[in-house]
Protein chains: 4
Amino acid sequence: MSVTVSDFPTAPAWQVSQWFNADRPLDLAALRGQVVVLHAFQMLCPGCVSHGVPQAERIHRLFAQDGVAVVGLHTVFEHHEAMTPVALKAFLHEYRVSHPVGVDVAVAGAPIPATMLTYALEGTPSLILIDRAGRLRLKHFGRLDDLTVGREVMRLATESGPGVDSCTDESCRAV
Amino acid sequence: MSVTVSDFPTAPAWQVSQWFNADRPLDLAALRGQVVVLHAFQMLCPGCVSHGVPQAERIHRLFAQDGVAVVGLHTVFEHHEAMTPVALKAFLHEYRVSHPVGVDVAVAGAPIPATMLTYALEGTPSLILIDRAGRLRLKHFGRLDDLTVGREVMRLATESGPGVDSCTDESCRAV
Amino acid sequence: MSVTVSDFPTAPAWQVSQWFNADRPLDLAALRGQVVVLHAFQMLCPGCVSHGVPQAERIHRLFAQDGVAVVGLHTVFEHHEAMTPVALKAFLHEYRVSHPVGVDVAVAGAPIPATMLTYALEGTPSLILIDRAGRLRLKHFGRLDDLTVGREVMRLATESGPGVDSCTDESCRAV
Amino acid sequence: MSVTVSDFPTAPAWQVSQWFNADRPLDLAALRGQVVVLHAFQMLCPGCVSHGVPQAERIHRLFAQDGVAVVGLHTVFEHHEAMTPVALKAFLHEYRVSHPVGVDVAVAGAPIPATMLTYALEGTPSLILIDRAGRLRLKHFGRLDDLTVGREVMRLATESGPGVDSCTDESCRAV
């Protein structure tokens, strides 16, 4: 028996205490029908600053017309006193980040924030791809090269979503 | 009236005098059903050496399982005395190029070789994408970033080809 | 009349409120006899993070045996609420900075800190070279390539200092 | 007993069959008084093309006013049929190399050319530094970072040469 896309689990909701670059809170359920690229990072994580954050911004700009939503998630699990929302705001300004970024909600008495726990992320940067039907299709910790990212995001972008049915009784049309 | 993929012209055949990294001559018509990434380069073109050739090799390795064929084309239009087949062979060895590379046939009395003329290429490096139905879908002169290339190659890789019908009388399946 | 090194002004003292990677406060006067590389940066300045800070660390490691002291100076002139000493401490840890770094003292009611004003720095990153006799020999705002930096630091490192007398009984010659 | 610069051996003459970017043959002995940066490379050696050759050109441009002569040496020890003088000429043109480059003379029946043998070079790229007195001061096979190169070239550039006498009536002191 082979694996099909329907075997992938539904991506859980994220929990965000504050949003930047967004008019109102972003809800994963409300993004159903779009491909969601979720990028977990910390503003003082060198690999995030040099690679992950600029890559997320490039995806945001390149795939804007393809029904792809890029969402940054500030998953602070160390140096909490340094990576505050006010510091994050300055960081996003200085690094010219224009895509929406949410602050993963802190868990009382624990270093790892809520969404990071829910998604069982190993660390930062992590890249998560969610398809148009809300299924978790890829979760990668560490650096992922641009060619692979372009391939994987486009793979999902070319799939039809749950509400964008590509077949009628009489015919099927290409998405 | 909108543009559809059927509006794209059929990609013309290439003319090659010698092949490297190939057991036998490669024929564009015989690759019908596959996506073809044609990479025109010159071994003494700095942008080809630093960017185009390694990118073509990355595409070759990453998309091997997706029905994508990468073909290099040595389109020598200057320094003909330096960029001979014997020099190309050494170049391909030193730069660890494993994808097939053909030598564009010289045109008597003219600097620009035949396939380069047929495709009306501006220079090197140039990247050409041909879909599963043999249509010329993209032609780009100069540097194209990896994220864009991953996106465009995957766009074509997810399309069904002419002989790979995705619908039977009873159902349609996703490619 | 040509310019000689004696025409360069004496480098003014820095004013630091807190030190990192140092057992005790560093005093410019106490470094007389050494070449001092002063690197002004901000932890949320992209050019500092990608270029200036790692370069300062490379100078620190390479020139350690040449009587060259590298001193970082955190000259916060914007986003003061984000670039606090506690945030700087986390930054230095995450970016593996091992050379001494001082926090330029804030000036009440003004955005630009004291040493930055004294040295009339245009912004960050800035690289300042002070010779063994305490003279300000180079002040550069922006990126300076490694080859140039290696050349300029070594130029000063090969000069004798005030205590390394180049005089004989009869004459003194310029270093 | 410590090592002094006078312990370094005299750099042997190079043997060149053809020069590029030079009005007349360059002779090591005639460069006495200058620092000589000798860069051994092959035009189809990837590390030479991406790193060594552009670095040699940067040294040439930056240290032109410091009495430093940069000399490239094409030490072909493999793919002789590909790396001919005519191919080298095209390479130097395409890569905008402006410093003088000599072709190391072939040795009948042997793959390694004469100067490469004389200097006992391990391979390409190799960087050789010769001081103003003609002594071989550094020989490095492989990549050497710009900061180190800037430091080492300047170390020699600040030394006085044989014709720049450091002697007084009573004594001579080592540079």
# chains A, B, ... in the order shown; residues from 1 in each chain; ligands from 1

$ interface_residues --of "chain D" --to "chain B" --cutoff "12 Å" --atoms "only C-alpha atoms" --output "JSON, numbers by chain"
{"D": [42, 43, 44, 45, 46, 47, 48, 49, 50, 51, 54, 78, 79, 80, 81, 82, 83, 84, 85, 86, 87, 88, 89, 90, 91, 92, 93, 94, 95, 96]}

$ select_by_dssp --residues "stretch 56-157 of chain A" --states "helix (DSSP H, G or I)" --output "PyMOL selection string"
chain A and resi 56-62+64-66+85-94+114-118+146-157

$ residues_around --residues "A:Leu117" --least-positions-apart "3" --cutoff "12 Å" --atoms "only C-alpha atoms" --output "CSV table (one decimal) with N, CA, C and O atoms, in the first residue's frame"
chain,number,residue,atom,x,y,z
A,12,PRO,N,-1.8,21.4,13.1
A,12,PRO,CA,-2.5,22.0,14.2
A,12,PRO,C,-2.5,23.5,14.1
A,12,PRO,O,-1.6,24.1,13.5
A,13,ALA,N,-3.4,24.1,14.8
A,13,ALA,CA,-3.5,25.6,14.9
A,13,ALA,C,-2.2,26.1,15.6
A,13,ALA,O,-1.7,25.4,16.4
A,14,TRP,N,-1.8,27.3,15.3
A,14,TRP,CA,-0.7,28.0,16.0
A,14,TRP,C,-1.3,28.8,17.1
A,14,TRP,O,-2.5,29.2,17.0
A,15,GLN,N,-0.5,29.2,18.1
A,15,GLN,CA,-0.9,30.0,19.2
A,15,GLN,C,0.0,31.2,19.2
A,15,GLN,O,1.2,31.1,19.5
A,40,ALA,N,9.6,29.0,11.4
A,40,ALA,CA,9.9,29.2,12.8
A,40,ALA,C,11.3,29.7,13.0
A,40,ALA,O,12.3,29.1,12.5
A,75,THR,N,9.7,31.7,17.6
A,75,THR,CA,9.6,30.6,18.7
A,75,THR,C,10.8,30.7,19.6
A,75,THR,O,11.7,30.0,19.5
A,76,VAL,N,10.7,31.6,20.6
A,76,VAL,CA,11.8,31.9,21.5
A,76,VAL,C,11.9,30.7,22.5
A,76,VAL,O,10.9,30.5,23.3
A,77,PHE,N,13.0,30.0,22.5
A,77,PHE,CA,13.1,29.0,23.5
A,77,PHE,C,14.4,29.1,24.4
A,77,PHE,O,14.8,28.3,25.2
A,104,ASP,N,5.1,33.2,19.1
A,104,ASP,CA,4.6,32.0,19.7
A,104,ASP,C,4.4,32.2,21.2
A,104,ASP,O,5.3,32.8,21.9
A,105,VAL,N,3.2,31.8,21.7
A,105,VAL,CA,2.9,32.1,23.1
A,105,VAL,C,3.8,31.3,24.1
A,105,VAL,O,4.0,30.1,23.9
A,106,ALA,N,4.3,32.0,25.1
A,106,ALA,CA,5.1,31.4,26.1
A,106,ALA,C,4.2,30.5,26.9
A,106,ALA,O,3.0,30.7,27.1
A,107,VAL,N,4.9,29.4,27.4
A,107,VAL,CA,4.3,28.5,28.3
A,107,VAL,C,4.8,28.8,29.7
A,107,VAL,O,6.1,28.7,29.9
A,110,ALA,N,8.0,27.1,31.5
A,110,ALA,CA,8.8,26.2,30.5
A,110,ALA,C,9.5,27.1,29.5
A,110,ALA,O,9.0,28.2,29.1
A,111,PRO,N,10.6,26.7,29.0
A,111,PRO,CA,11.4,27.5,28.0
A,111,PRO,C,10.8,27.5,26.6
A,111,PRO,O,10.8,28.4,25.9
A,112,ILE,N,10.2,26.3,26.2
A,112,ILE,CA,9.7,26.2,24.9
A,112,ILE,C,8.3,26.7,24.7
A,112,ILE,O,7.4,26.3,25.5
A,113,PRO,N,8.0,27.5,23.7
A,113,PRO,CA,6.7,28.1,23.6
A,113,PRO,C,5.7,27.0,23.0
A,113,PRO,O,6.0,26.0,22.5
A,114,ALA,N,4.4,27.4,23.1
A,114,ALA,CA,3.3,26.5,22.8
A,114,ALA,C,3.3,25.9,21.4
A,114,ALA,O,3.2,24.6,21.3
A,120,ALA,N,6.2,20.0,17.7
A,120,ALA,CA,7.4,19.2,18.0
A,120,ALA,C,8.6,19.6,17.2
A,120,ALA,O,9.3,18.7,16.6
A,121,LEU,N,8.9,20.9,17.2
A,121,LEU,CA,10.0,21.3,16.4
A,121,LEU,C,11.3,21.1,17.2
A,121,LEU,O,11.4,21.2,18.4
A,122,GLU,N,12.3,20.7,16.5
A,122,GLU,CA,13.6,20.4,17.1
A,122,GLU,C,14.4,21.7,17.4
A,122,GLU,O,15.2,21.7,18.3
A,123,GLY,N,14.2,22.8,16.7
A,123,GLY,CA,14.9,24.0,16.9
A,123,GLY,C,14.6,25.0,15.8
A,123,GLY,O,13.6,24.8,15.1

$ residues_around --residues "B:Leu138" --least-positions-apart "3" --cutoff "8 Å" --atoms "only C-alpha atoms" --output "list of chain:residue names"
B:Leu127, B:Ile128, B:Leu129, B:Ile130

$ atom_distance --atom1 "atom CA of B:Thr118" --atom2 "atom CA of B:Gly72"
15.9 Å

$ residues_around --residues "B:Val149" --least-positions-apart "3" --cutoff "10 Å" --atoms "only C-alpha atoms" --output "VMD selection string"
(chain A and resid 146 to 148 150 to 151) or (chain B and resid 55 to 56 59 127 129 144 to 146 152 to 155)

$ residues_around --residues "B:Phe8" --least-positions-apart "2" --cutoff "12 Å" --atoms "only C-alpha atoms" --output "list in words"
Val3, Thr4, Val5, Ser6, Thr10, Ala11, Leu129, Ile130, Asp131, Ala133, Gly134, Arg135, Leu136, Arg137, Leu138 and Lys139 of chain B

$ write_last_selection --atoms "N, CA, C and O atoms" --output "PDB file, in the first residue's frame"
ATOM      1  N   VAL B   3      -3.992  33.717 -22.266  1.00  0.00           N
ATOM      2  CA  VAL B   3      -2.977  32.821 -22.816  1.00  0.00           C
ATOM      3  C   VAL B   3      -3.071  31.462 -22.130  1.00  0.00           C
ATOM      4  O   VAL B   3      -3.226  31.376 -20.923  1.00  0.00           O
ATOM      5  N   THR B   4      -3.012  30.431 -22.872  1.00  0.00           N
ATOM      6  CA  THR B   4      -2.986  29.088 -22.290  1.00  0.00           C
ATOM      7  C   THR B   4      -1.713  28.400 -22.740  1.00  0.00           C
ATOM      8  O   THR B   4      -1.034  28.858 -23.660  1.00  0.00           O
ATOM      9  N   VAL B   5      -1.403  27.289 -22.093  1.00  0.00           N
ATOM     10  CA  VAL B   5      -0.138  26.634 -22.415  1.00  0.00           C
ATOM     11  C   VAL B   5      -0.082  26.155 -23.856  1.00  0.00           C
ATOM     12  O   VAL B   5       0.987  26.037 -24.445  1.00  0.00           O
ATOM     13  N   SER B   6      -1.261  25.910 -24.429  1.00  0.00           N
ATOM     14  CA  SER B   6      -1.250  25.410 -25.806  1.00  0.00           C
ATOM     15  C   SER B   6      -0.792  26.479 -26.795  1.00  0.00           C
ATOM     16  O   SER B   6      -0.501  26.189 -27.947  1.00  0.00           O
ATOM     17  N   THR B  10       6.235  24.887 -30.232  1.00  0.00           N
ATOM     18  CA  THR B  10       6.989  23.649 -30.053  1.00  0.00           C
ATOM     19  C   THR B  10       8.483  23.973 -30.059  1.00  0.00           C
ATOM     20  O   THR B  10       8.949  24.762 -30.887  1.00  0.00           O
ATOM     21  N   ALA B  11       9.204  23.389 -29.129  1.00  0.00           N
ATOM     22  CA  ALA B  11      10.649  23.621 -29.077  1.00  0.00           C
ATOM     23  C   ALA B  11      11.310  22.921 -30.253  1.00  0.00           C
ATOM     24  O   ALA B  11      11.026  21.751 -30.512  1.00  0.00           O
ATOM     25  N   LEU B 129      13.292  25.982 -20.686  1.00  0.00           N
ATOM     26  CA  LEU B 129      12.427  24.933 -20.134  1.00  0.00           C
ATOM     27  C   LEU B 129      11.431  24.484 -21.198  1.00  0.00           C
ATOM     28  O   LEU B 129      10.744  25.306 -21.825  1.00  0.00           O
ATOM     29  N   ILE B 130      11.366  23.177 -21.385  1.00  0.00           N
ATOM     30  CA  ILE B 130      10.472  22.568 -22.377  1.00  0.00           C
ATOM     31  C   ILE B 130       9.544  21.616 -21.639  1.00  0.00           C
ATOM     32  O   ILE B 130      10.008  20.803 -20.837  1.00  0.00           O
ATOM     33  N   ASP B 131       8.246  21.738 -21.875  1.00  0.00           N
ATOM     34  CA  ASP B 131       7.311  20.917 -21.091  1.00  0.00           C
ATOM     35  C   ASP B 131       7.168  19.498 -21.661  1.00  0.00           C
ATOM     36  O   ASP B 131       7.788  19.150 -22.667  1.00  0.00           O
ATOM     37  N   ALA B 133       4.994  18.139 -23.224  1.00  0.00           N
ATOM     38  CA  ALA B 133       4.414  18.069 -24.568  1.00  0.00           C
ATOM     39  C   ALA B 133       5.357  18.657 -25.625  1.00  0.00           C
ATOM     40  O   ALA B 133       4.975  18.824 -26.784  1.00  0.00           O
ATOM     41  N   GLY B 134       6.578  19.022 -25.193  1.00  0.00           N
ATOM     42  CA  GLY B 134       7.554  19.521 -26.148  1.00  0.00           C
ATOM     43  C   GLY B 134       7.436  20.998 -26.460  1.00  0.00           C
ATOM     44  O   GLY B 134       8.040  21.492 -27.418  1.00  0.00           O
ATOM     45  N   ARG B 135       6.685  21.727 -25.651  1.00  0.00           N
ATOM     46  CA  ARG B 135       6.520  23.157 -25.901  1.00  0.00           C
ATOM     47  C   ARG B 135       7.577  23.975 -25.166  1.00  0.00           C
ATOM     48  O   ARG B 135       7.904  23.689 -24.013  1.00  0.00           O
ATOM     49  N   LEU B 136       8.049  24.995 -25.816  1.00  0.00           N
ATOM     50  CA  LEU B 136       9.034  25.907 -25.228  1.00  0.00           C
ATOM     51  C   LEU B 136       8.305  26.828 -24.244  1.00  0.00           C
ATOM     52  O   LEU B 136       7.521  27.682 -24.649  1.00  0.00           O
ATOM     53  N   ARG B 137       8.594  26.680 -22.962  1.00  0.00           N
ATOM     54  CA  ARG B 137       7.830  27.409 -21.954  1.00  0.00           C
ATOM     55  C   ARG B 137       8.589  28.569 -21.306  1.00  0.00           C
ATOM     56  O   ARG B 137       7.979  29.501 -20.778  1.00  0.00           O
ATOM     57  N   LEU B 138       9.898  28.484 -21.303  1.00  0.00           N
ATOM     58  CA  LEU B 138      10.679  29.567 -20.691  1.00  0.00           C
ATOM     59  C   LEU B 138      12.052  29.622 -21.336  1.00  0.00           C
ATOM     60  O   LEU B 138      12.657  28.587 -21.626  1.00  0.00           O
ATOM     61  N   LYS B 139      12.510  30.831 -21.581  1.00  0.00           N
ATOM     62  CA  LYS B 139      13.849  31.031 -22.126  1.00  0.00           C
ATOM     63  C   LYS B 139      14.430  32.234 -21.417  1.00  0.00           C
ATOM     64  O   LYS B 139      13.899  33.340 -21.520  1.00  0.00           O
TER      65      LYS B 139
END

$ select_by_dssp --residues "stretch 41-84 of chain A" --states "strand (DSSP E or B)" --output "VMD selection string"
chain A and resid 41 68 to 74

$ atom_distance --atom1 "atom CA of C:Ala69" --atom2 "atom CA of C:Leu31"
7.8 Å

$ closest_residue --among "D:Arg58, D:Val71, D:Thr124, D:Phe63" --to "D:Pro100" --atoms "only C-alpha atoms"
D:Val71

$ residues_around --residues "B:Glu57" --least-positions-apart "5" --cutoff "9 Å" --atoms "only C-alpha atoms" --output "CSV table (one decimal) with all heavy atoms, in the first residue's frame"
chain,number,residue,atom,x,y,z
B,52,GLY,N,25.7,29.1,-13.7
B,52,GLY,CA,24.9,28.3,-14.6
B,52,GLY,C,25.2,26.8,-14.6
B,52,GLY,O,24.2,26.0,-14.4
B,62,LEU,N,18.5,17.0,-8.2
B,62,LEU,CA,17.3,17.1,-7.4
B,62,LEU,C,16.0,16.6,-8.1
B,62,LEU,O,15.2,16.0,-7.5
B,62,LEU,CB,17.1,18.6,-7.0
B,62,LEU,CG,15.9,18.9,-6.1
B,62,LEU,CD1,16.1,18.1,-4.7
B,62,LEU,CD2,15.7,20.4,-5.8
B,70,VAL,N,17.9,17.0,-17.7
B,70,VAL,CA,18.7,18.1,-17.8
B,70,VAL,C,19.8,17.9,-18.9
B,70,VAL,O,20.4,16.8,-18.9
B,70,VAL,CB,19.4,18.5,-16.5
B,70,VAL,CG1,20.4,19.6,-16.7
B,70,VAL,CG2,18.4,18.8,-15.4
B,96,ARG,N,33.2,18.2,-12.2
B,96,ARG,CA,32.3,17.2,-11.8
B,96,ARG,C,30.9,17.3,-12.3
B,96,ARG,O,29.9,17.1,-11.6
B,96,ARG,CB,32.2,17.1,-10.2
B,96,ARG,CG,33.6,17.2,-9.5
B,96,ARG,CD,34.3,15.9,-9.6
B,96,ARG,NE,35.5,15.9,-8.8
B,96,ARG,CZ,36.8,16.1,-9.3
B,96,ARG,NH1,36.9,16.4,-10.7
B,96,ARG,NH2,37.8,16.0,-8.6
B,97,VAL,N,30.8,17.6,-13.6
B,97,VAL,CA,29.5,17.6,-14.3
B,97,VAL,C,29.1,16.2,-14.7
B,97,VAL,O,29.8,15.5,-15.4
B,97,VAL,CB,29.6,18.5,-15.5
B,97,VAL,CG1,28.2,18.5,-16.3
B,97,VAL,CG2,29.9,20.0,-15.1
B,98,SER,N,27.9,15.8,-14.2
B,98,SER,CA,27.5,14.4,-14.5
B,98,SER,C,26.3,14.4,-15.5
B,98,SER,O,26.0,13.3,-16.0
B,98,SER,CB,27.1,13.7,-13.2
B,98,SER,OG,25.9,14.2,-12.7
B,99,HIS,N,25.7,15.5,-15.8
B,99,HIS,CA,24.5,15.5,-16.7
B,99,HIS,C,25.0,15.5,-18.1
B,99,HIS,O,26.2,16.0,-18.4
B,99,HIS,CB,23.6,16.6,-16.4
B,99,HIS,CG,24.1,18.0,-16.5
B,99,HIS,ND1,24.7,18.7,-15.5
B,99,HIS,CD2,24.2,18.8,-17.6
B,99,HIS,CE1,25.1,19.9,-15.9
B,99,HIS,NE2,24.8,20.0,-17.2

$ closest_residue --among "B:Leu156, B:Ala108, B:Met116, B:Val103" --to "B:Ser17" --atoms "only C-alpha atoms"
B:Val103
